[in-house]
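Student: Below you'll find final-v9.pdb; it's PDB, C-alpha atoms.
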```pdb
ATOM      1  CA  MET A   1     -39.789 113.079 142.028  1.00  0.00           C
ATOM      2  CA  LEU A   2     -42.787 114.680 140.313  1.00  0.00           C
ATOM      3  CA  SER A   3     -43.161 117.221 143.108  1.00  0.00           C
ATOM      4  CA  GLN A   4     -39.465 118.112 142.931  1.00  0.00           C
ATOM      5  CA  LYS A   5     -39.643 118.532 139.166  1.00  0.00           C
ATOM      6  CA  GLY A   6     -42.906 120.446 138.851  1.00  0.00           C
ATOM      7  CA  GLY A   7     -44.335 120.979 142.324  1.00  0.00           C
ATOM      8  CA  ASP A   8     -47.976 120.419 143.222  1.00  0.00           C
ATOM      9  CA  LYS A   9     -48.984 121.408 139.682  1.00  0.00           C
ATOM     10  CA  LEU A  10     -47.255 118.401 138.104  1.00  0.00           C
ATOM     11  CA  VAL A  11     -48.491 116.016 140.806  1.00  0.00           C
ATOM     12  CA  GLU A  12     -52.075 117.125 140.154  1.00  0.00           C
ATOM     13  CA  LEU A  13     -51.662 117.010 136.370  1.00  0.00           C
ATOM     14  CA  ASP A  14     -50.272 113.478 136.647  1.00  0.00           C
ATOM     15  CA  LYS A  15     -53.340 112.347 138.598  1.00  0.00           C
ATOM     16  CA  THR A  16     -55.728 114.111 136.213  1.00  0.00           C
ATOM     17  CA  ARG A  17     -54.012 112.637 133.163  1.00  0.00           C
ATOM     18  CA  ALA A  18     -54.159 109.111 134.609  1.00  0.00           C
ATOM     19  CA  ALA A  19     -57.874 109.571 135.319  1.00  0.00           C
ATOM     20  CA  LEU A  20     -58.631 110.276 131.649  1.00  0.00           C
ATOM     21  CA  GLU A  21     -58.767 106.528 131.023  1.00  0.00           C
ATOM     22  CA  LEU A  22     -61.867 106.347 133.243  1.00  0.00           C
ATOM     23  CA  ILE A  23     -63.382 109.633 132.097  1.00  0.00           C
ATOM     24  CA  CYS A  24     -63.118 109.108 128.333  1.00  0.00           C
ATOM     25  CA  LYS A  25     -65.989 106.711 127.737  1.00  0.00           C
ATOM     26  CA  ASP A  26     -66.140 107.371 123.969  1.00  0.00           C
ATOM     27  CA  MET A  27     -62.553 106.215 123.325  1.00  0.00           C
ATOM     28  CA  CYS A  28     -61.343 109.671 122.385  1.00  0.00           C
ATOM     29  CA  ILE A  29     -60.054 112.782 124.105  1.00  0.00           C
ATOM     30  CA  THR A  30     -61.400 116.294 123.778  1.00  0.00           C
ATOM     31  CA  LYS A  31     -59.505 119.397 122.751  1.00  0.00           C
ATOM     32  CA  ASP A  32     -59.734 120.696 126.322  1.00  0.00           C
ATOM     33  CA  GLN A  33     -58.272 117.453 127.692  1.00  0.00           C
ATOM     34  CA  LEU A  34     -55.412 117.667 125.197  1.00  0.00           C
ATOM     35  CA  LEU A  35     -54.640 121.351 125.844  1.00  0.00           C
ATOM     36  CA  ASP A  36     -55.433 121.573 129.561  1.00  0.00           C
ATOM     37  CA  VAL A  37     -54.137 118.213 130.796  1.00  0.00           C
ATOM     38  CA  VAL A  38     -51.894 116.253 128.419  1.00  0.00           C
ATOM     39  CA  ILE A  39     -49.846 119.152 127.035  1.00  0.00           C
ATOM     40  CA  PRO A  40     -49.273 120.913 130.405  1.00  0.00           C
ATOM     41  CA  TRP A  41     -48.298 117.532 131.916  1.00  0.00           C
ATOM     42  CA  LYS A  42     -45.818 116.906 129.082  1.00  0.00           C
ATOM     43  CA  PHE A  43     -44.373 120.438 129.163  1.00  0.00           C
ATOM     44  CA  THR A  44     -44.053 120.508 132.968  1.00  0.00           C
ATOM     45  CA  LYS A  45     -42.542 117.030 133.179  1.00  0.00           C
ATOM     46  CA  GLY A  46     -40.061 117.760 130.396  1.00  0.00           C
ATOM     47  CA  LYS A  47     -39.203 120.853 128.416  1.00  0.00           C
ATOM     48  CA  PRO A  48     -41.924 123.295 127.344  1.00  0.00           C
ATOM     49  CA  ARG A  49     -42.270 123.630 123.579  1.00  0.00           C
ATOM     50  CA  ASN A  50     -44.167 126.892 123.556  1.00  0.00           C
ATOM     51  CA  ALA A  51     -43.807 127.278 119.794  1.00  0.00           C
ATOM     52  CA  LEU A  52     -46.217 124.334 119.437  1.00  0.00           C
ATOM     53  CA  LYS A  53     -49.043 126.004 121.340  1.00  0.00           C
ATOM     54  CA  PRO A  54     -50.489 128.007 118.397  1.00  0.00           C
ATOM     55  CA  LEU A  55     -50.464 124.863 116.253  1.00  0.00           C
ATOM     56  CA  LEU A  56     -52.127 122.789 118.970  1.00  0.00           C
ATOM     57  CA  GLN A  57     -54.759 125.458 119.552  1.00  0.00           C
ATOM     58  CA  GLY A  58     -55.449 125.510 115.812  1.00  0.00           C
ATOM     59  CA  ASN A  59     -56.924 122.012 115.908  1.00  0.00           C
ATOM     60  CA  SER A  60     -60.707 121.912 115.914  1.00  0.00           C
ATOM     61  CA  GLU A  61     -62.613 120.027 118.598  1.00  0.00           C
ATOM     62  CA  LYS A  62     -63.874 117.662 115.902  1.00  0.00           C
ATOM     63  CA  ASN A  63     -60.375 116.898 114.605  1.00  0.00           C
ATOM     64  CA  VAL A  64     -59.002 116.181 118.077  1.00  0.00           C
ATOM     65  CA  GLU A  65     -61.836 113.785 118.849  1.00  0.00           C
ATOM     66  CA  GLU A  66     -61.714 112.061 115.445  1.00  0.00           C
ATOM     67  CA  CYS A  67     -57.925 111.628 115.355  1.00  0.00           C
ATOM     68  CA  SER A  68     -57.726 110.410 118.945  1.00  0.00           C
ATOM     69  CA  LYS A  69     -60.631 108.036 118.372  1.00  0.00           C
ATOM     70  CA  ARG A  70     -58.983 106.511 115.295  1.00  0.00           C
ATOM     71  CA  ALA A  71     -55.664 106.249 117.136  1.00  0.00           C
ATOM     72  CA  LEU A  72     -57.249 104.499 120.112  1.00  0.00           C
ATOM     73  CA  GLU A  73     -59.183 102.124 117.862  1.00  0.00           C
ATOM     74  CA  VAL A  74     -55.926 101.068 116.189  1.00  0.00           C
ATOM     75  CA  ALA A  75     -54.243 100.749 119.587  1.00  0.00           C
ATOM     76  CA  MET A  76     -57.117  98.586 120.794  1.00  0.00           C
ATOM     77  CA  GLU A  77     -56.601  96.320 117.778  1.00  0.00           C
ATOM     78  CA  ALA A  78     -52.920  96.036 118.683  1.00  0.00           C
ATOM     79  CA  ASN A  79     -53.853  95.236 122.266  1.00  0.00           C
ATOM     80  CA  CYS A  80     -56.257  92.518 121.163  1.00  0.00           C
ATOM     81  CA  ILE A  81     -53.489  90.593 119.408  1.00  0.00           C
ATOM     82  CA  CYS A  82     -52.000  89.673 122.752  1.00  0.00           C
ATOM     83  CA  LYS A  83     -51.710  91.567 126.017  1.00  0.00           C
ATOM     84  CA  CYS A  84     -48.554  89.739 127.074  1.00  0.00           C
ATOM     85  CA  ASP A  85     -45.458  90.403 124.952  1.00  0.00           C
ATOM     86  CA  THR A  86     -43.861  87.078 125.888  1.00  0.00           C
ATOM     87  CA  ASN A  87     -46.677  85.117 124.214  1.00  0.00           C
ATOM     88  CA  LEU A  88     -46.388  86.731 120.791  1.00  0.00           C
ATOM     89  CA  THR A  89     -45.237  84.823 117.734  1.00  0.00           C
ATOM     90  CA  ASP A  90     -42.908  86.673 115.362  1.00  0.00           C
ATOM     91  CA  LYS A  91     -45.809  87.305 113.011  1.00  0.00           C
ATOM     92  CA  GLN A  92     -48.021  88.622 115.812  1.00  0.00           C
ATOM     93  CA  ARG A  93     -45.229  90.861 117.089  1.00  0.00           C
ATOM     94  CA  GLU A  94     -44.658  92.291 113.624  1.00  0.00           C
ATOM     95  CA  LYS A  95     -48.374  92.998 113.234  1.00  0.00           C
ATOM     96  CA  GLN A  96     -48.616  94.559 116.681  1.00  0.00           C
ATOM     97  CA  ASN A  97     -45.608  96.796 116.019  1.00  0.00           C
ATOM     98  CA  GLU A  98     -47.178  97.929 112.762  1.00  0.00           C
ATOM     99  CA  LEU A  99     -50.426  98.809 114.555  1.00  0.00           C
ATOM    100  CA  ILE A 100     -48.526 100.686 117.282  1.00  0.00           C
ATOM    101  CA  LYS A 101     -46.825 102.704 114.543  1.00  0.00           C
ATOM    102  CA  ASP A 102     -50.185 103.371 112.863  1.00  0.00           C
ATOM    103  CA  ALA A 103     -51.788 104.497 116.145  1.00  0.00           C
ATOM    104  CA  ILE A 104     -48.991 107.025 116.715  1.00  0.00           C
ATOM    105  CA  GLY A 105     -49.413 108.142 113.110  1.00  0.00           C
ATOM    106  CA  GLU A 106     -53.135 108.766 113.560  1.00  0.00           C
ATOM    107  CA  MET A 107     -52.483 111.080 116.528  1.00  0.00           C
ATOM    108  CA  CYS A 108     -49.770 112.859 114.552  1.00  0.00           C
ATOM    109  CA  ASN A 109     -52.373 113.950 112.002  1.00  0.00           C
ATOM    110  CA  LEU A 110     -53.185 116.731 114.480  1.00  0.00           C
ATOM    111  CA  LYS A 111     -51.284 119.997 114.120  1.00  0.00           C
ATOM    112  CA  GLY A 112     -48.472 120.344 116.632  1.00  0.00           C
ATOM    113  CA  VAL A 113     -48.628 116.664 117.644  1.00  0.00           C
ATOM    114  CA  GLY A 114     -45.551 114.504 117.151  1.00  0.00           C
ATOM    115  CA  PRO A 115     -44.695 111.020 118.405  1.00  0.00           C
ATOM    116  CA  ALA A 116     -43.893 112.304 121.914  1.00  0.00           C
ATOM    117  CA  THR A 117     -47.297 113.945 122.386  1.00  0.00           C
ATOM    118  CA  ALA A 118     -49.010 111.009 120.695  1.00  0.00           C
ATOM    119  CA  SER A 119     -47.340 108.639 123.155  1.00  0.00           C
ATOM    120  CA  ALA A 120     -48.423 110.884 126.036  1.00  0.00           C
ATOM    121  CA  VAL A 121     -52.028 110.245 124.993  1.00  0.00           C
ATOM    122  CA  LEU A 122     -51.854 106.591 123.983  1.00  0.00           C
ATOM    123  CA  SER A 123     -49.887 105.494 127.047  1.00  0.00           C
ATOM    124  CA  ILE A 124     -52.803 106.606 129.232  1.00  0.00           C
ATOM    125  CA  PHE A 125     -55.046 103.954 127.730  1.00  0.00           C
ATOM    126  CA  TYR A 126     -52.542 101.265 126.716  1.00  0.00           C
ATOM    127  CA  PRO A 127     -49.456 101.526 128.965  1.00  0.00           C
ATOM    128  CA  ASN A 128     -48.584  97.931 128.072  1.00  0.00           C
ATOM    129  CA  LEU A 129     -48.026  99.013 124.445  1.00  0.00           C
ATOM    130  CA  PHE A 130     -46.809 102.602 124.661  1.00  0.00           C
ATOM    131  CA  ALA A 131     -43.969 104.095 126.665  1.00  0.00           C
ATOM    132  CA  PHE A 132     -43.996 107.878 126.970  1.00  0.00           C
ATOM    133  CA  MET A 133     -41.264 109.460 124.863  1.00  0.00           C
ATOM    134  CA  ASP A 134     -39.480 111.376 127.629  1.00  0.00           C
ATOM    135  CA  ASP A 135     -36.120 112.936 126.755  1.00  0.00           C
ATOM    136  CA  GLU A 136     -34.578 110.826 129.496  1.00  0.00           C
ATOM    137  CA  VAL A 137     -35.994 107.637 127.998  1.00  0.00           C
ATOM    138  CA  ILE A 138     -34.605 108.484 124.572  1.00  0.00           C
ATOM    139  CA  GLU A 139     -31.181 109.234 126.017  1.00  0.00           C
ATOM    140  CA  ALA A 140     -31.158 105.967 127.977  1.00  0.00           C
ATOM    141  CA  LEU A 141     -32.300 103.675 125.177  1.00  0.00           C
ATOM    142  CA  TYR A 142     -31.389 105.296 121.856  1.00  0.00           C
ATOM    143  CA  ASP A 143     -27.780 105.118 120.685  1.00  0.00           C
ATOM    144  CA  GLY A 144     -27.825 108.057 118.284  1.00  0.00           C
ATOM    145  CA  LYS A 145     -28.492 111.764 118.632  1.00  0.00           C
ATOM    146  CA  ARG A 146     -31.689 112.509 120.534  1.00  0.00           C
ATOM    147  CA  GLY A 147     -34.618 113.123 118.238  1.00  0.00           C
ATOM    148  CA  TYR A 148     -38.379 112.895 118.179  1.00  0.00           C
ATOM    149  CA  THR A 149     -39.124 110.991 114.998  1.00  0.00           C
ATOM    150  CA  LEU A 150     -41.453 108.040 114.682  1.00  0.00           C
ATOM    151  CA  LYS A 151     -38.499 105.777 113.887  1.00  0.00           C
ATOM    152  CA  ILE A 152     -36.734 106.750 117.113  1.00  0.00           C
ATOM    153  CA  TYR A 153     -39.949 106.208 119.067  1.00  0.00           C
ATOM    154  CA  GLU A 154     -40.312 102.731 117.561  1.00  0.00           C
ATOM    155  CA  ILE A 155     -36.774 101.808 118.653  1.00  0.00           C
ATOM    156  CA  VAL A 156     -37.201 103.204 122.170  1.00  0.00           C
ATOM    157  CA  ASN A 157     -40.632 101.635 122.637  1.00  0.00           C
ATOM    158  CA  GLU A 158     -39.368  98.239 121.488  1.00  0.00           C
ATOM    159  CA  ARG A 159     -36.464  98.414 123.917  1.00  0.00           C
ATOM    160  CA  CYS A 160     -38.911  99.212 126.712  1.00  0.00           C
ATOM    161  CA  ALA A 161     -40.829  96.098 125.652  1.00  0.00           C
ATOM    162  CA  GLY A 162     -37.667  94.014 125.903  1.00  0.00           C
ATOM    163  CA  ILE A 163     -36.930  95.331 129.392  1.00  0.00           C
ATOM    164  CA  CYS A 164     -40.530  94.532 130.373  1.00  0.00           C
ATOM    165  CA  SER A 165     -40.158  90.952 129.277  1.00  0.00           C
ATOM    166  CA  GLY A 166     -37.043  90.547 131.392  1.00  0.00           C
ATOM    167  CA  LEU A 167     -38.583  92.164 134.456  1.00  0.00           C
ATOM    168  CA  ASN A 168     -41.796  90.173 134.173  1.00  0.00           C
ATOM    169  CA  SER A 169     -39.829  86.926 133.962  1.00  0.00           C
ATOM    170  CA  LEU A 170     -38.239  87.774 137.330  1.00  0.00           C
ATOM    171  CA  ASN A 171     -41.167  89.409 139.103  1.00  0.00           C
ATOM    172  CA  GLU A 172     -44.230  87.392 140.009  1.00  0.00           C
ATOM    173  CA  SER A 173     -45.981  90.095 142.030  1.00  0.00           C
ATOM    174  CA  LYS A 174     -46.006  92.969 139.503  1.00  0.00           C
ATOM    175  CA  VAL A 175     -46.768  93.108 135.802  1.00  0.00           C
ATOM    176  CA  TRP A 176     -44.435  95.650 134.222  1.00  0.00           C
ATOM    177  CA  THR A 177     -45.564  97.746 131.260  1.00  0.00           C
ATOM    178  CA  ARG A 178     -43.607  99.766 128.740  1.00  0.00           C
ATOM    179  CA  TYR A 179     -44.899 102.917 130.389  1.00  0.00           C
ATOM    180  CA  ASP A 180     -43.609 101.668 133.770  1.00  0.00           C
ATOM    181  CA  VAL A 181     -40.132 101.155 132.312  1.00  0.00           C
ATOM    182  CA  GLY A 182     -40.105 104.665 130.884  1.00  0.00           C
ATOM    183  CA  LYS A 183     -41.293 106.088 134.192  1.00  0.00           C
ATOM    184  CA  VAL A 184     -38.481 104.347 136.076  1.00  0.00           C
ATOM    185  CA  LEU A 185     -35.876 105.620 133.601  1.00  0.00           C
ATOM    186  CA  TRP A 186     -37.226 109.164 133.992  1.00  0.00           C
ATOM    187  CA  THR A 187     -37.159 108.850 137.790  1.00  0.00           C
ATOM    188  CA  LEU A 188     -33.574 107.581 137.827  1.00  0.00           C
ATOM    189  CA  ALA A 189     -32.466 110.462 135.576  1.00  0.00           C
ATOM    190  CA  ALA A 190     -34.346 112.958 137.769  1.00  0.00           C
ATOM    191  CA  LEU A 191     -32.705 111.581 140.924  1.00  0.00           C
ATOM    192  CA  LYS A 192     -29.310 112.044 139.326  1.00  0.00           C
ATOM    193  CA  ALA A 193     -30.168 115.539 138.071  1.00  0.00           C
ATOM    194  CA  PHE A 194     -31.324 116.651 141.518  1.00  0.00           C
ATOM    195  CA  GLY A 195     -28.196 115.270 143.153  1.00  0.00           C
ATOM    196  CA  GLU A 196     -30.052 112.492 144.954  1.00  0.00           C
ATOM    197  CA  LEU A 197     -27.244 110.025 144.330  1.00  0.00           C
ATOM    198  CA  GLU A 198     -27.584 108.427 147.766  1.00  0.00           C
ATOM    199  CA  THR A 199     -31.269 107.721 147.148  1.00  0.00           C
ATOM    200  CA  LEU A 200     -30.428 106.447 143.665  1.00  0.00           C
ATOM    201  CA  ASN A 201     -27.773 104.071 144.991  1.00  0.00           C
ATOM    202  CA  GLU A 202     -30.140 102.776 147.677  1.00  0.00           C
ATOM    203  CA  LEU A 203     -32.791 102.023 145.057  1.00  0.00           C
ATOM    204  CA  LEU A 204     -30.297 100.259 142.800  1.00  0.00           C
ATOM    205  CA  ASP A 205     -28.927  98.197 145.705  1.00  0.00           C
ATOM    206  CA  LYS A 206     -32.443  97.215 146.762  1.00  0.00           C
ATOM    207  CA  SER A 207     -33.346  96.263 143.202  1.00  0.00           C
ATOM    208  CA  THR A 208     -30.197  94.143 142.878  1.00  0.00           C
ATOM    209  CA  GLU A 209     -30.870  92.351 146.178  1.00  0.00           C
ATOM    210  CA  GLU A 210     -34.501  91.626 145.256  1.00  0.00           C
ATOM    211  CA  GLY A 211     -33.473  90.315 141.830  1.00  0.00           C
ATOM    212  CA  SER A 212     -30.828  88.017 143.336  1.00  0.00           C
ATOM    213  CA  SER A 213     -33.274  86.730 145.954  1.00  0.00           C
ATOM    214  CA  LYS A 214     -35.893  85.886 143.318  1.00  0.00           C
ATOM    215  CA  ARG A 215     -33.335  84.099 141.136  1.00  0.00           C
ATOM    216  CA  ARG A 216     -32.224  82.007 144.131  1.00  0.00           C
ATOM    217  CA  ARG A 217     -35.832  81.050 144.903  1.00  0.00           C
ATOM    218  CA  ARG A 218     -36.417  80.045 141.296  1.00  0.00           C
ATOM    219  CA  SER A 219     -33.317  77.827 141.270  1.00  0.00           C
ATOM    220  CA  HIS A 220     -34.453  75.786 144.311  1.00  0.00           C
TER     221      HIS A 220
END
```
Please express what this file holds, its structure, as C-alpha cells.

Tutor:
Amino acid sequence: MLSQKGGDKLVELDKTRAALELICKDMCITKDQLLDVVIPWKFTKGKPRNALKPLLQGNSEKNVEECSKRALEVAMEANCICKCDTNLTDKQREKQNELIKDAIGEMCNLKGVGPATASAVLSIFYPNLFAFMDDEVIEALYDGKRGYTLKIYEIVNERCAGICSGLNSLNESKVWTRYDVGKVLWTLAALKAFGELETLNELLDKSTEEGSSKRRRRSH
C-alpha cells in the first residue's frame, strides 16, 4: 500500500527511515535525518503540514541531537523495565507509561515537533513501545474528535499495547509490536480508501481462519 499512497518515493523513504536504527550509533538523530527522512516520510504517508516546515528548519543541529538523545535515553529506560508487556506488574506498567510520556515530551521540546512527529522518531528505535500516530490509527482507536495531543497519543498507544497482548497470546510465530498494530490499521484504512475492498475482505477472512485454527490447536 505504500507504493499506492506515495509511489516509489514513499517506499524508499520507508526503507531509509527503518535503516536509521542501524545508522544512528550515538542514540540520536541529526537535523538532516529529521528533515530529509522522518518528516518527508510522515508528510507523504499522511497529510503534509507545510506550515510546520519553517519551525522545523529553525531547530539547530545541536538541539535536534540533544533532544533526540534525551528522548531515546528515556525510551531505553522504559524498554529496560520489561520488553514484554504481558510480564509487567501494575507498578511497572505505570512507570513504563510515564517514561513513554516523558520520551515523547523530550522530542516535543523541538520547534514544530508534536507527539505525532515524536512517535515517528521513537518508533524507529523502540517499536515495541511506540506506535506511530497516524490519522488512521487515531480514528480507529480514539473515541473522541481526532487530535494530536499527548493525552490522545497516550490513549492510542495504550490501546495498541492491548491489541499486541491479545495477538501475541494467539500467535507463536510472530512477536507483535505497537508499531505493527498501527501499521496494520493504516494498511486496512488505505485498502478501504483505495477501494480495495475485495483484498481487504480476503485479508480479514484469512486472519479469522488463522485465529480459529490456532485456538483449536491450543484447546487440544

Student: Would you work out the distance separating atom CA of Lys31 of chain A from atom CA of Glu65 of chain A, expressed in Å to one decimal?

Tutor: 7.2 Å

Student: Could you give me the centre and size, in Å to one decimal, of an axis-aligned box around all listed atoms of segment 125-141 of chain A with 6 Å added on every side, as AutoDock Vina command-line options?

Tutor:
```
--center_x -43.1 --center_y 105.4 --center_z 127.0 --size_x 35.9 --size_y 27.0 --size_z 17.1
```

Student: The PyMOL selection byres ((chain A and resi 20-28) around 9) on the file shown: which residues, as a PDB file with C-alpha atoms, in the coordinates of the input?

Tutor:
```
ATOM      1  CA  LYS A  15     -53.340 112.347 138.598  1.00  0.00           C
ATOM      2  CA  THR A  16     -55.728 114.111 136.213  1.00  0.00           C
ATOM      3  CA  ARG A  17     -54.012 112.637 133.163  1.00  0.00           C
ATOM      4  CA  ALA A  18     -54.159 109.111 134.609  1.00  0.00           C
ATOM      5  CA  ALA A  19     -57.874 109.571 135.319  1.00  0.00           C
ATOM      6  CA  ILE A  29     -60.054 112.782 124.105  1.00  0.00           C
ATOM      7  CA  THR A  30     -61.400 116.294 123.778  1.00  0.00           C
ATOM      8  CA  GLN A  33     -58.272 117.453 127.692  1.00  0.00           C
ATOM      9  CA  VAL A  64     -59.002 116.181 118.077  1.00  0.00           C
ATOM     10  CA  GLU A  65     -61.836 113.785 118.849  1.00  0.00           C
ATOM     11  CA  GLU A  66     -61.714 112.061 115.445  1.00  0.00           C
ATOM     12  CA  CYS A  67     -57.925 111.628 115.355  1.00  0.00           C
ATOM     13  CA  SER A  68     -57.726 110.410 118.945  1.00  0.00           C
ATOM     14  CA  LYS A  69     -60.631 108.036 118.372  1.00  0.00           C
ATOM     15  CA  ARG A  70     -58.983 106.511 115.295  1.00  0.00           C
ATOM     16  CA  ALA A  71     -55.664 106.249 117.136  1.00  0.00           C
ATOM     17  CA  LEU A  72     -57.249 104.499 120.112  1.00  0.00           C
ATOM     18  CA  GLU A  73     -59.183 102.124 117.862  1.00  0.00           C
ATOM     19  CA  ILE A 124     -52.803 106.606 129.232  1.00  0.00           C
ATOM     20  CA  PHE A 125     -55.046 103.954 127.730  1.00  0.00           C
TER      21      PHE A 125
END
```

Student: What do you get, as JSON, numbers by chain, if you spell out every residue that the PyMOL selection byres ((chain A and resi 168) around 12) selects here?

Tutor: {"A": [84, 85, 86, 128, 161, 162, 163, 164, 165, 166, 167, 169, 170, 171, 172, 173, 174, 175, 176, 177, 178, 180, 181, 211, 214]}

Student: Applying 12 Å and only C-alpha atoms, which residues near Lys5 of chain A remain after dropping the ones on its own chain fewer than 2 positions away? List them as a VMD selection string.

Tutor: chain A and resid 1 to 3 7 to 11 41 to 47 186 to 187 189 to 191 193 to 194

Student: Could you check how far atom CA of Ile100 of chain A sits from atom CA of Gln57 of chain A, in Å to one decimal?

Tutor: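 Between atom CA of Ile100 of chain A and atom CA of Gln57 of chain A the gap is 25.6 Å.
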
Student: Report as a list in words the residues that result from applying the PyMOL selection byres ((chain A and resi 152) around 12) to the structure here.

Tutor: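 Applied to this file, the PyMOL selection byres ((chain A and resi 152) around 12) selects Lys101, Gly114, Pro115, Ala116, Met133, Asp134, Asp135, Val137, Ile138, Glu139, Leu141, Tyr142, Asp143, Gly144, Lys145, Arg146, Gly147, Tyr148, Thr149, Leu150, Lys151, Tyr153, Glu154, Ile155, Val156, Asn157, Glu158 and Arg159 of chain A.
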
Student: So what do you get for atom CA of Leu13 of chain A versus atom CA of Val37 of chain A, distance-wise?

Tutor: 6.2 Å

Student: Which residues, written as a VMD selection string, have at least one atom at most 12 Å from Cys80 of chain A, with all atoms listed in the file counted and residues fewer than 6 positions away on the same chain left out?

Tutor: chain A and resid 73 to 74 88 92 to 93 95 to 96 99 to 100 126 128 to 129

Student: Kindly indicate which residue among A:Asn97, A:Ala140, A:Ala78, A:Ser60 lies nearest to Leu110 of chain A, using all atoms listed in the file for the distances.

Tutor: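 Comparing A:Asn97, A:Ala140, A:Ala78, A:Ser60 against Leu110 of chain A, the winner is A:Ser60.
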
Student: Since fewer atoms than expected are present, regenerate N, CA and C atoms for segment 8-23 of chain A and write them as a PDB file, keeping the file's coordinate frame.

Tutor:
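In the end it all went to selection.pdb:
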```
ATOM      1  N   ASP A   8     -46.611 120.944 143.097  1.00  0.00           N
ATOM      2  CA  ASP A   8     -47.976 120.419 143.222  1.00  0.00           C
ATOM      3  C   ASP A   8     -48.698 120.396 141.878  1.00  0.00           C
ATOM      4  N   LYS A   9     -48.336 121.334 141.002  1.00  0.00           N
ATOM      5  CA  LYS A   9     -48.984 121.408 139.682  1.00  0.00           C
ATOM      6  C   LYS A   9     -48.781 120.112 138.909  1.00  0.00           C
ATOM      7  N   LEU A  10     -47.546 119.626 138.862  1.00  0.00           N
ATOM      8  CA  LEU A  10     -47.255 118.401 138.104  1.00  0.00           C
ATOM      9  C   LEU A  10     -47.876 117.178 138.765  1.00  0.00           C
ATOM     10  N   VAL A  11     -47.870 117.134 140.080  1.00  0.00           N
ATOM     11  CA  VAL A  11     -48.491 116.016 140.806  1.00  0.00           C
ATOM     12  C   VAL A  11     -49.976 115.938 140.454  1.00  0.00           C
ATOM     13  N   GLU A  12     -50.634 117.085 140.455  1.00  0.00           N
ATOM     14  CA  GLU A  12     -52.075 117.125 140.154  1.00  0.00           C
ATOM     15  C   GLU A  12     -52.337 116.793 138.691  1.00  0.00           C
ATOM     16  N   LEU A  13     -51.504 117.323 137.793  1.00  0.00           N
ATOM     17  CA  LEU A  13     -51.662 117.010 136.370  1.00  0.00           C
ATOM     18  C   LEU A  13     -51.471 115.520 136.111  1.00  0.00           C
ATOM     19  N   ASP A  14     -50.536 114.905 136.815  1.00  0.00           N
ATOM     20  CA  ASP A  14     -50.272 113.478 136.647  1.00  0.00           C
ATOM     21  C   ASP A  14     -51.494 112.657 137.050  1.00  0.00           C
ATOM     22  N   LYS A  15     -52.127 113.041 138.143  1.00  0.00           N
ATOM     23  CA  LYS A  15     -53.340 112.347 138.598  1.00  0.00           C
ATOM     24  C   LYS A  15     -54.488 112.554 137.618  1.00  0.00           C
ATOM     25  N   THR A  16     -54.638 113.794 137.144  1.00  0.00           N
ATOM     26  CA  THR A  16     -55.728 114.111 136.213  1.00  0.00           C
ATOM     27  C   THR A  16     -55.545 113.387 134.892  1.00  0.00           C
ATOM     28  N   ARG A  17     -54.301 113.344 134.416  1.00  0.00           N
ATOM     29  CA  ARG A  17     -54.012 112.637 133.163  1.00  0.00           C
ATOM     30  C   ARG A  17     -54.330 111.152 133.297  1.00  0.00           C
ATOM     31  N   ALA A  18     -53.904 110.538 134.400  1.00  0.00           N
ATOM     32  CA  ALA A  18     -54.159 109.111 134.609  1.00  0.00           C
ATOM     33  C   ALA A  18     -55.655 108.815 134.663  1.00  0.00           C
ATOM     34  N   ALA A  19     -56.427 109.769 135.174  1.00  0.00           N
ATOM     35  CA  ALA A  19     -57.874 109.571 135.319  1.00  0.00           C
ATOM     36  C   ALA A  19     -58.612 109.653 133.992  1.00  0.00           C
ATOM     37  N   LEU A  20     -57.958 110.150 132.944  1.00  0.00           N
ATOM     38  CA  LEU A  20     -58.631 110.276 131.649  1.00  0.00           C
ATOM     39  C   LEU A  20     -59.089 108.922 131.117  1.00  0.00           C
ATOM     40  N   GLU A  21     -58.374 107.869 131.477  1.00  0.00           N
ATOM     41  CA  GLU A  21     -58.767 106.528 131.023  1.00  0.00           C
ATOM     42  C   GLU A  21     -60.185 106.190 131.482  1.00  0.00           C
ATOM     43  N   LEU A  22     -60.540 106.631 132.690  1.00  0.00           N
ATOM     44  CA  LEU A  22     -61.867 106.347 133.243  1.00  0.00           C
ATOM     45  C   LEU A  22     -62.904 107.344 132.759  1.00  0.00           C
ATOM     46  N   ILE A  23     -62.452 108.569 132.482  1.00  0.00           N
ATOM     47  CA  ILE A  23     -63.382 109.633 132.097  1.00  0.00           C
ATOM     48  C   ILE A  23     -63.802 109.511 130.641  1.00  0.00           C
TER      49      ILE A  23
END
```
